[in-house]
>>> print(open('work-v8.cif').read())   # mmCIF, C-alpha atoms
data_my_file
#
loop_
_atom_site.label_atom_id
_atom_site.label_comp_id
_atom_site.auth_asym_id
_atom_site.auth_seq_id
_atom_site.Cartn_x
_atom_site.Cartn_y
_atom_site.Cartn_z
CA MET B 238 0.00 0.00 0.00
CA THR B 239 1.05 3.59 -0.43
CA PRO B 240 0.02 6.00 2.29
CA TYR B 241 -0.55 9.18 0.32
CA ASN B 242 -3.71 11.12 -0.31
CA ASP B 243 -5.12 10.69 -3.80
CA PRO B 244 -8.25 12.61 -4.81
CA SER B 245 -9.30 9.62 -6.89
CA THR B 246 -9.26 7.26 -3.91
CA PRO B 247 -12.80 5.92 -3.40
CA ALA B 248 -14.63 6.53 -0.17
CA VAL B 249 -14.37 3.76 2.40
CA PRO B 250 -17.61 1.74 2.38
CA LEU B 251 -19.45 1.33 5.67
CA THR B 252 -19.05 -2.44 5.37
CA ALA B 253 -15.26 -2.35 5.08
CA THR B 254 -13.26 -4.29 7.63
CA PRO B 255 -11.00 -2.20 9.92
CA ASP B 256 -7.94 -3.27 7.93
CA GLU B 257 -9.59 -2.40 4.61
CA ALA B 258 -10.74 0.95 5.98
CA LEU B 259 -7.26 1.81 7.17
CA ARG B 260 -5.61 0.88 3.90
CA ARG B 261 -8.14 2.82 1.84
CA SER B 262 -8.01 5.87 4.11
CA LEU B 263 -4.22 5.99 3.69
CA GLY B 264 -4.38 6.16 -0.10
CA VAL B 265 -4.29 4.01 -3.22
CA GLY B 266 -3.64 0.29 -2.99
CA ARG B 267 -0.11 -1.09 -3.43
CA ARG B 268 -0.96 -3.14 -6.55
CA ARG B 269 -2.53 -0.19 -8.34
CA PHE B 270 0.28 2.12 -7.25
CA LEU B 271 3.11 -0.12 -8.37
CA SER B 272 1.57 -0.35 -11.82
CA THR B 273 1.71 3.43 -12.28
CA CYS B 274 4.69 4.74 -14.29
CA THR B 275 4.65 8.15 -12.60
CA ALA B 276 5.38 6.50 -9.27
CA VAL B 277 8.67 5.03 -8.13
CA ALA B 278 9.67 1.42 -7.75
CA ALA B 279 9.88 0.25 -4.17
CA GLY B 280 9.57 -3.46 -4.73
CA ALA B 281 13.17 -4.16 -5.73
CA VAL B 282 14.52 -3.50 -2.23
CA ALA B 283 15.50 -6.83 -0.71
CA ALA B 284 16.48 -7.21 2.93
CA PRO B 285 20.29 -7.40 2.97
CA VAL B 286 22.43 -9.81 4.92
CA PHE B 287 24.29 -8.24 7.85
CA GLY B 288 28.01 -8.43 7.22
CA ALA B 289 27.82 -8.10 3.44
CA ALA B 290 30.36 -5.95 1.61
CA PRO B 291 30.15 -2.38 2.96
CA ALA B 292 27.87 -0.15 0.92
CA LEU B 293 30.56 2.52 1.01
CA ALA B 294 32.67 0.38 -1.32
CA GLN B 295 29.66 -0.37 -3.50
CA ASP B 296 29.11 3.38 -3.99
CA ARG B 297 32.61 4.12 -5.29
CA GLY B 298 32.66 5.31 -8.86
CA ARG B 299 29.06 6.51 -8.77
CA ASP B 300 28.10 10.13 -8.87
CA HIS B 301 25.70 11.66 -6.37
CA GLY B 302 22.57 11.20 -8.46
CA HIS B 303 22.90 8.16 -10.68
CA ASP B 304 23.75 4.50 -10.42
CA HIS B 305 24.58 3.77 -14.04
CA GLY B 306 22.52 0.96 -15.46
CA ARG B 307 20.16 0.79 -12.48
CA GLY B 308 18.38 4.14 -12.57
CA GLN B 309 18.49 7.34 -10.59
CA VAL B 310 19.49 7.05 -6.96
CA LEU B 311 16.89 8.64 -4.67
CA VAL B 312 19.21 9.22 -1.71
CA PRO B 313 22.76 10.04 -2.86
CA PRO B 314 25.58 8.34 -0.92
CA HIS B 315 26.76 11.55 0.76
CA LYS B 316 23.25 12.19 2.11
CA ARG B 317 22.65 8.82 3.81
CA GLY B 318 22.55 9.43 7.53
CA ILE B 319 21.41 8.05 10.87
CA ILE B 320 20.42 9.67 14.13
CA LEU B 321 22.54 8.21 16.90
CA TYR B 322 19.43 7.72 19.06
CA THR B 323 18.84 4.61 16.92
CA VAL B 324 22.07 3.07 18.30
CA ARG B 325 21.98 4.70 21.73
CA ASP B 326 22.60 1.37 23.44
CA ALA B 327 25.91 1.06 21.57
CA THR B 328 27.19 4.53 22.46
CA ALA B 329 26.15 3.85 26.07
CA ARG B 330 27.74 0.39 26.19
CA ASP B 331 30.63 -0.30 28.59
CA PRO B 332 33.68 -1.15 26.43
CA LEU B 333 35.19 -3.07 29.34
CA ALA B 334 32.22 -5.43 29.47
CA SER B 335 31.60 -6.19 25.79
CA ASP B 336 33.43 -6.95 22.56
CA LEU B 337 30.75 -5.12 20.58
CA PRO B 338 31.30 -1.53 19.39
CA SER B 339 30.84 0.90 22.26
CA GLY B 340 31.14 4.64 22.72
CA PHE B 341 31.11 7.26 20.00
CA ARG B 342 34.41 6.42 18.34
CA GLU B 343 33.73 2.71 17.82
CA VAL B 344 30.13 3.37 16.78
CA PHE B 345 31.32 5.92 14.21
CA LYS B 346 33.73 3.33 12.85
CA GLN B 347 30.98 0.73 12.52
CA LEU B 348 28.49 3.13 10.93
CA ALA B 349 31.11 4.19 8.38
CA ARG B 350 31.72 0.52 7.55
CA HIS B 351 28.00 0.15 6.94
CA GLY B 352 28.22 3.03 4.44
CA TYR B 353 26.76 5.97 6.34
CA ARG B 354 28.20 9.40 5.57
CA GLN B 355 26.19 11.52 8.04
CA VAL B 356 25.12 11.33 11.67
CA GLU B 357 22.68 13.35 13.70
CA PHE B 358 23.43 13.56 17.39
CA ALA B 359 20.88 13.06 20.17
CA GLY B 360 23.04 14.57 22.89
CA TYR B 361 26.73 14.13 23.58
CA ASN B 362 26.85 11.51 26.36
CA GLN B 363 28.36 8.03 26.19
CA HIS B 364 29.63 5.40 28.64
CA ALA B 365 32.17 6.71 31.12
CA ASN B 366 34.69 4.01 30.17
CA ALA B 367 34.67 4.96 26.49
CA PRO B 368 37.48 7.18 25.14
CA GLY B 369 36.85 10.78 26.19
CA GLY B 370 34.69 9.89 29.17
CA ALA B 371 30.98 10.19 29.75
CA GLY B 372 30.14 13.78 28.88
CA LEU B 373 31.37 15.42 25.67
CA GLU B 374 29.00 18.40 25.77
CA SER B 375 31.81 20.94 25.78
CA VAL B 376 34.21 22.67 23.42
CA GLU B 377 36.92 20.12 24.18
CA GLY B 378 34.48 17.24 23.84
CA ALA B 379 33.29 18.59 20.49
CA LYS B 380 36.87 18.78 19.23
CA LEU B 381 37.35 15.12 20.15
CA LEU B 382 34.12 14.10 18.45
CA ARG B 383 35.06 16.07 15.33
CA ARG B 384 38.43 14.28 15.17
CA TRP B 385 36.67 10.91 15.25
CA LEU B 386 34.08 11.98 12.67
CA ASP B 387 36.85 13.10 10.33
CA GLU B 388 38.78 9.89 10.99
CA TYR B 389 35.91 7.79 9.64
CA GLY B 390 34.69 10.13 6.90
CA LEU B 391 31.46 11.14 8.64
CA ARG B 392 29.67 14.49 8.68
CA ALA B 393 27.65 15.76 11.64
CA GLN B 394 24.34 17.12 10.38
CA GLY B 395 22.30 18.17 13.38
CA ASN B 396 21.63 17.51 17.04
CA HIS B 397 18.53 17.06 19.15
CA GLY B 398 19.84 19.26 21.88
CA PHE B 399 19.25 22.36 23.93
CA ILE B 400 16.37 24.71 23.19
CA PRO B 401 15.80 27.27 25.99
CA SER B 402 12.64 26.75 28.02
CA SER B 403 12.49 30.41 29.01
CA TRP B 404 10.70 33.11 27.05
CA PRO B 405 11.71 35.89 27.07
CA LEU B 406 15.14 34.31 27.18
CA THR B 407 17.09 34.43 30.40
CA GLU B 408 20.77 35.32 30.10
CA ALA B 409 21.70 31.85 31.39
CA ASP B 410 19.58 30.14 28.71
CA LYS B 411 20.97 32.41 26.01
CA ASP B 412 24.53 31.60 27.07
CA THR B 413 23.82 27.85 27.06
CA PHE B 414 22.19 28.11 23.65
CA LYS B 415 25.24 29.93 22.29
CA LYS B 416 27.50 27.25 23.76
CA HIS B 417 25.56 24.62 21.81
CA LEU B 418 25.91 26.69 18.65
CA GLU B 419 29.67 26.80 19.24
CA ILE B 420 29.70 23.01 19.64
CA ALA B 421 27.67 22.65 16.43
CA ASN B 422 30.19 24.76 14.54
CA ILE B 423 33.13 22.74 15.86
CA LEU B 424 31.38 19.56 14.73
CA GLY B 425 30.78 21.06 11.28
CA MET B 426 26.98 21.08 11.40
CA ASP B 427 24.87 23.14 9.05
CA HIS B 428 21.84 22.60 11.28
CA MET B 429 21.05 22.41 14.98
CA GLY B 430 17.68 21.54 16.46
CA THR B 431 15.50 19.75 18.92
CA GLY B 432 13.50 16.56 19.16
CA GLY B 433 10.32 18.27 20.33
CA ASP B 434 7.48 20.33 18.87
CA PRO B 435 7.54 24.14 19.25
CA THR B 436 4.57 23.85 21.63
CA GLY B 437 2.21 21.11 22.74
CA SER B 438 -0.79 23.44 22.55
CA SER B 439 -3.61 23.36 20.00
CA TYR B 440 -4.38 27.09 20.31
CA ARG B 441 -3.29 29.73 17.81
CA ALA B 442 -2.21 32.20 20.51
CA ASP B 443 0.31 29.68 21.88
CA TRP B 444 1.69 28.99 18.39
CA ASP B 445 2.10 32.76 17.90
CA VAL B 446 4.24 32.87 21.06
CA ALA B 447 6.22 29.84 19.88
CA ALA B 448 6.83 31.55 16.54
CA ASP B 449 8.17 34.67 18.24
CA LYS B 450 10.54 32.56 20.32
CA TRP B 451 11.78 30.48 17.39
CA ASN B 452 12.29 33.53 15.21
CA ALA B 453 14.45 35.03 17.96
CA LEU B 454 16.43 31.80 18.44
CA GLY B 455 16.78 31.42 14.68
CA GLU B 456 18.27 34.90 14.41
CA ILE B 457 20.87 34.05 17.08
CA ALA B 458 21.67 30.81 15.25
CA ARG B 459 21.94 32.56 11.88
CA ARG B 460 24.53 34.97 13.27
CA GLU B 461 26.60 31.87 14.12
CA GLY B 462 26.13 30.34 10.66
CA ILE B 463 23.70 27.63 11.82
CA LYS B 464 20.17 26.84 10.61
CA LEU B 465 17.83 26.12 13.53
CA TYR B 466 15.25 23.36 13.07
CA THR B 467 12.36 21.87 14.99
CA HIS B 468 11.37 18.21 14.79
CA ASN B 469 7.75 17.08 14.59
CA HIS B 470 5.68 14.33 16.13
CA ASP B 471 2.12 13.48 15.10
CA SER B 472 0.43 16.05 17.34
CA ALA B 473 2.00 18.99 15.50
CA TYR B 474 0.10 17.97 12.36
CA GLY B 475 -3.25 17.98 14.14
CA PHE B 476 -5.71 20.81 13.52
CA LEU B 477 -5.29 24.27 15.03
CA LEU B 478 -8.12 25.53 17.25
CA ASP B 479 -8.64 29.07 16.00
CA GLY B 480 -12.36 29.94 15.99
CA GLY B 481 -15.93 28.98 16.78
CA PRO B 482 -17.55 29.17 20.23
CA LEU B 483 -15.24 29.77 23.16
CA ASP B 484 -14.88 27.38 26.09
CA ASP B 485 -15.25 28.45 29.74
CA GLN B 486 -11.63 29.66 29.69
CA GLY B 487 -12.19 31.85 26.64
CA ARG B 488 -10.36 29.55 24.22
CA PRO B 489 -11.58 28.61 20.71
CA THR B 490 -13.10 25.17 20.25
CA ARG B 491 -13.19 24.79 16.46
CA SER B 492 -10.80 24.88 13.52
CA SER B 493 -10.35 26.61 10.19
CA GLY B 494 -8.76 23.36 8.95
CA ILE B 495 -5.18 24.56 9.04
CA ARG B 496 -2.76 22.23 10.81
CA LYS B 497 -0.68 23.48 13.71
CA LEU B 498 2.69 23.10 12.04
CA GLU B 499 1.35 24.57 8.79
CA TYR B 500 0.43 27.67 10.77
CA PHE B 501 3.90 27.69 12.36
CA LEU B 502 5.44 27.64 8.89
CA LYS B 503 3.27 30.62 7.95
CA VAL B 504 4.18 32.80 10.95
CA THR B 505 7.90 32.02 11.21
CA ASP B 506 10.61 33.58 9.08
CA PRO B 507 11.80 31.14 6.37
CA LYS B 508 15.29 32.64 6.68
CA LEU B 509 15.43 31.80 10.40
CA VAL B 510 13.45 28.62 11.10
CA TRP B 511 13.67 25.22 9.40
CA LEU B 512 11.99 21.87 10.02
CA GLU B 513 12.85 18.20 10.23
CA MET B 514 9.93 15.96 9.30
CA ASP B 515 9.74 12.62 11.05
CA ILE B 516 8.07 10.79 8.20
CA PHE B 517 6.72 8.00 10.41
CA TRP B 518 4.99 10.42 12.79
CA ALA B 519 3.69 12.43 9.85
CA HIS B 520 1.98 9.26 8.65
CA VAL B 521 0.59 8.64 12.12
CA ALA B 522 -0.89 12.14 11.87
CA GLN B 523 -2.36 11.22 8.48
CA TYR B 524 -4.12 8.30 10.17
CA LYS B 525 -5.26 10.18 13.30
CA PHE B 526 -6.13 13.68 12.11
CA HIS B 527 -8.33 13.48 9.00
CA THR B 528 -11.51 15.27 10.12
CA TYR B 529 -12.12 18.49 12.05
CA THR B 530 -15.04 20.57 13.33
CA ALA B 531 -15.23 23.76 11.28
CA HIS B 532 -16.13 27.17 12.71
CA ASP B 533 -19.76 26.66 11.65
CA GLY B 534 -19.97 23.33 13.50
CA SER B 535 -19.87 21.09 10.45
CA THR B 536 -17.53 18.08 10.28
CA ARG B 537 -15.09 18.28 7.40
CA LYS B 538 -12.52 15.88 5.99
CA ASN B 539 -8.93 16.79 5.21
CA VAL B 540 -6.47 13.91 4.78
CA PHE B 541 -2.88 14.93 5.47
CA ASP B 542 -0.35 14.50 2.65
CA PRO B 543 3.16 14.70 4.17
CA ALA B 544 5.06 14.86 0.87
CA ALA B 545 2.82 17.61 -0.47
CA LEU B 546 3.50 19.75 2.60
CA VAL B 547 7.25 19.36 2.09
CA ALA B 548 6.95 20.17 -1.61
CA ARG B 549 4.93 23.31 -0.85
CA HIS B 550 7.54 24.57 1.58
CA ASN B 551 10.48 23.16 -0.32
CA LYS B 552 13.79 24.17 1.29
CA ARG B 553 12.30 24.68 4.74
CA TYR B 554 12.58 20.89 5.17
CA PRO B 555 16.32 20.16 4.92
CA LEU B 556 16.18 17.12 7.23
CA PHE B 557 14.03 14.02 7.64
CA HIS B 558 13.81 11.16 10.04
CA ALA B 559 13.51 8.12 7.79
CA LYS B 560 11.54 5.85 10.08
CA ASP B 561 9.45 3.02 8.65
CA GLY B 562 6.24 1.33 9.78
CA VAL B 563 3.85 -1.49 8.99
CA VAL B 564 0.11 -0.92 8.95
CA SER B 565 -1.58 -1.59 12.29
CA THR B 566 -5.25 -1.54 13.25
CA THR B 567 -4.66 -2.22 16.92
CA ASN B 568 -2.36 0.42 18.41
CA GLY B 569 -4.34 3.61 17.75
CA MET B 570 -1.57 5.10 15.58
CA GLY B 571 -2.10 3.23 12.31
CA TRP B 572 1.52 2.05 12.18
CA ASP B 573 3.99 -0.14 14.05
CA MET B 574 7.63 0.94 13.83
CA VAL B 575 10.09 -1.33 11.96
CA PRO B 576 13.60 -0.94 10.45
CA PHE B 577 13.81 1.26 7.39
CA GLY B 578 12.83 -0.47 4.16
CA THR B 579 10.99 -3.35 5.85
CA GLY B 580 7.63 -1.62 6.27
CA ASP B 581 4.68 -0.25 4.30
CA ILE B 582 5.62 3.43 4.05
CA ASP B 583 6.45 3.99 0.39
CA TYR B 584 9.72 5.86 0.65
CA THR B 585 10.51 5.69 -3.03
CA THR B 586 7.39 7.70 -3.73
CA PHE B 587 8.00 10.08 -0.86
CA PHE B 588 11.59 10.92 -1.83
CA SER B 589 10.59 11.26 -5.50
CA ARG B 590 7.78 13.65 -4.69
CA VAL B 591 9.80 15.92 -2.39
CA GLY B 592 12.80 16.07 -4.76
CA LEU B 593 15.99 18.07 -4.08
CA SER B 594 17.94 14.91 -3.28
CA ASN B 595 21.23 16.78 -2.98
CA TYR B 596 19.67 19.17 -0.44
CA ARG B 597 17.65 16.86 1.84
CA ASN B 598 19.32 14.96 4.67
CA PRO B 599 17.35 11.80 5.59
CA MET B 600 18.42 10.25 8.88
CA VAL B 601 17.51 6.62 9.55
CA GLU B 602 15.73 6.26 12.87
CA ASP B 603 14.12 3.35 14.71
CA ASP B 604 13.17 3.93 18.34
CA ASN B 605 12.94 0.18 18.90
CA SER B 606 16.32 -0.93 17.54
CA PRO B 607 18.04 -1.30 20.93
CA SER B 608 17.17 -4.67 22.47
CA ALA B 609 17.42 -5.86 26.06
CA THR B 610 18.15 -9.42 24.90
CA ASP B 611 20.11 -8.90 21.67
CA PRO B 612 22.91 -6.36 22.20
CA ALA B 613 23.99 -6.49 18.54
CA GLN B 614 20.52 -5.69 17.21
CA SER B 615 20.69 -1.91 16.83
CA LEU B 616 23.89 -1.86 14.76
CA ARG B 617 22.70 -4.87 12.73
CA GLU B 618 19.44 -3.10 11.93
CA ALA B 619 21.38 0.07 11.13
CA LYS B 620 23.09 -1.95 8.38
CA ILE B 621 19.76 -3.27 7.10
CA SER B 622 18.33 0.25 7.04
CA TYR B 623 21.37 1.64 5.24
CA ASP B 624 21.24 -0.98 2.50
CA ASN B 625 17.51 -0.45 1.98
CA MET B 626 17.98 3.32 1.72
CA ALA B 627 20.89 2.87 -0.71
CA ALA B 628 18.74 0.58 -2.89
CA LEU B 629 15.99 3.15 -3.50
CA ARG B 630 15.74 3.97 -7.22
CA LYS B 631 13.32 5.93 -9.33
CA ARG B 632 11.02 3.76 -11.42
CA ARG B 633 11.72 3.66 -15.11
CA CYS B 634 8.60 3.19 -17.22
#
>>> encode(input="work-v8.cif", output="structure tokens")
Amino acid sequence: MTPYNDPSTPAVPLTATPDEALRRSLGVGRRRFLSTCTAVAAGAVAAPVFGAAPALAQDRGRDHGHDHGRGQVLVPPHKRGIILYTVRDATARDPLASDLPSGFREVFKQLARHGYRQVEFAGYNQHANAPGGAGLESVEGAKLLRRWLDEYGLRAQGNHGFIPSSWPLTEADKDTFKKHLEIANILGMDHMGTGGDPTGSSYRADWDVAADKWNALGEIARREGIKLYTHNHDSAYGFLLDGGPLDDQGRPTRSSGIRKLEYFLKVTDPKLVWLEMDIFWAHVAQYKFHTYTAHDGSTRKNVFDPAALVARHNKRYPLFHAKDGVVSTTNGMGWDMVPFGTGDIDYTTFFSRVGLSNYRNPMVEDDNSPSATDPAQSLREAKISYDNMAALRKRRC
């Protein structure tokens, strides 16, 4: 199945089973989609064997956009990344208690062997027994991390780090924010961001405040040569409450149909604020937030199309979390998380529709990769995810 809104998709019949209803509500069926020449082939991606020849070697001799004889590459080699949260058990592992890669340096080495060229940090802490010690959230720690990144041919491309909680900003928060910008510059990042939404509210007034704050932070970041980004979860793509009758606290109870993050894009400065779409959570939002109560009290349907939003705002989405899922009718989200390339989210279509492959930075992520019983799982699945991303090709009719 392909989870994208298609105006030609038929309405879901009242007699449909829950699974049929879910699949139809998420877009056209897989069989019909894969027969369409304007779409992109996803079916040729086979699950690789862990330990196969490193993809880095396989990519030698190819340019950044084409794999000669096999079609256009959707994610160029230099743009294939991973957020280190996916392998957080490995960076946190005690090197004195395991023969598996542990700490940042050994994890960088393994990820480079898999073929990755970029990493996104999720903080700067590792096991205390790893080289450099536990906490590398400092200028000296950043210099050490940069040396290891350079050693293994990796590029840092973001961090889910410090965003001040104060507004207006306290001097202490501003100083800490500037320290993180300095660390980002030492590491060679173009972008620095956060793993959370600008606000958890559904009300327009709160999103206006969030926009003021992010514009101010973005201006500070721009002066340091860094693009500031915010990362979404499903809630941010729910509908904004911006009209209709007021509740007993004087807050609006109905929506114009604009989504919260769409409004944020409208009221923030495109030269100061960027976004990182978590594609999995955007598809959860597609499943959860498809109807709203309009200002006049009527119920209206609006199915979210993640790729269309990116295409409309183009360069404001320089980063993605490439997180896959299989369709679920039991967990309330519509999707269960799985390693990249092993699920139902049609990434070949998504990357084709958003374009700008030499600008976007997709970072593999899987919250569930670390295992309590299989300590090698997260790095093994990182290899599987890399190979599946590297195998994405545009369909040739």
>>> resolve_selection(input="work-v8.cif", expression="the PyMOL selection byres ((chain B and resi 545-559) around 9)", output="VMD selection string")
chain B and resid 319 to 320 394 to 395 428 466 468 499 502 507 to 508 510 to 517 541 to 544 560 to 561 577 584 590 to 593 596 to 603 626
>>> resolve_selection(input="work-v8.cif", expression="the PyMOL selection byres ((chain B and resi 477-479) around 8)", output="ChimeraX atom specification")
/B:439-441,475-476,480-481,489-497,500
>>> residues_around(input="work-v8.cif", residues="B:Asp434", least_positions_apart="6", cutoff="10 Å", atoms="all atoms listed in the file", output="ChimeraX atom specification")
/B:447,467-473,498
>>> atom_distance(input="work-v8.cif", atom1="atom CA of B:Arg488", atom2="atom CA of B:Asp443")
10.9 Å
>>> resolve_selection(input="work-v8.cif", expression="the PyMOL selection byres ((chain B and resi 524) around 9)", output="list in words")
Leu259, Ser262, Leu263, Ala519, His520, Val521, Ala522, Gln523, Lys525, Phe526, His527, Val540, Phe541, Gly569, Met570, Gly571 and Trp572 of chain B
>>> residues_around(input="work-v8.cif", residues="B:Asp410", least_positions_apart="4", cutoff="7 Å", atoms="all atoms listed in the file", output="list in words")
Pro401, Leu406 and Phe414 of chain B
>>> residues_near_point(input="work-v8.cif", point="(35.0, 16.5, 16.7)", cutoff="10 Å", atoms="only C-alpha atoms", output="CSV table (one decimal) with C-alpha atoms, in the coordinates of the input")
chain,number,residue,atom,x,y,z
B,373,LEU,CA,31.4,15.4,25.7
B,376,VAL,CA,34.2,22.7,23.4
B,377,GLU,CA,36.9,20.1,24.2
B,378,GLY,CA,34.5,17.2,23.8
B,379,ALA,CA,33.3,18.6,20.5
B,380,LYS,CA,36.9,18.8,19.2
B,381,LEU,CA,37.4,15.1,20.2
B,382,LEU,CA,34.1,14.1,18.4
B,383,ARG,CA,35.1,16.1,15.3
B,384,ARG,CA,38.4,14.3,15.2
B,385,TRP,CA,36.7,10.9,15.2
B,386,LEU,CA,34.1,12.0,12.7
B,387,ASP,CA,36.8,13.1,10.3
B,388,GLU,CA,38.8,9.9,11.0
B,392,ARG,CA,29.7,14.5,8.7
B,393,ALA,CA,27.6,15.8,11.6
B,420,ILE,CA,29.7,23.0,19.6
B,421,ALA,CA,27.7,22.6,16.4
B,422,ASN,CA,30.2,24.8,14.5
B,423,ILE,CA,33.1,22.7,15.9
B,424,LEU,CA,31.4,19.6,14.7
B,425,GLY,CA,30.8,21.1,11.3
>>> atom_distance(input="work-v8.cif", atom1="atom CA of B:Gly433", atom2="atom CA of B:Leu454")
15.0 Å
>>> residues_near_point(input="work-v8.cif", point="(20.0, -5.5, 25.8)", cutoff="12 Å", atoms="all atoms listed in the file", output="JSON, numbers by chain")
{"B": [324, 325, 326, 327, 329, 330, 335, 337, 605, 606, 607, 608, 609, 610, 611, 612, 613, 614, 615]}
>>> closest_residue(input="work-v8.cif", among="B:Ile457, B:Ser594, B:Gly398, B:Ser565", to="B:Asp581", atoms="all atoms listed in the file")
B:Ser565
>>> closest_residue(input="work-v8.cif", among="B:Thr505, B:Asn595, B:Thr530, B:Thr431", to="B:Lys316", atoms="all atoms listed in the file")
B:Asn595
>>> atom_distance(input="work-v8.cif", atom1="atom CA of B:Glu456", atom2="atom CA of B:Ala442")
21.5 Å
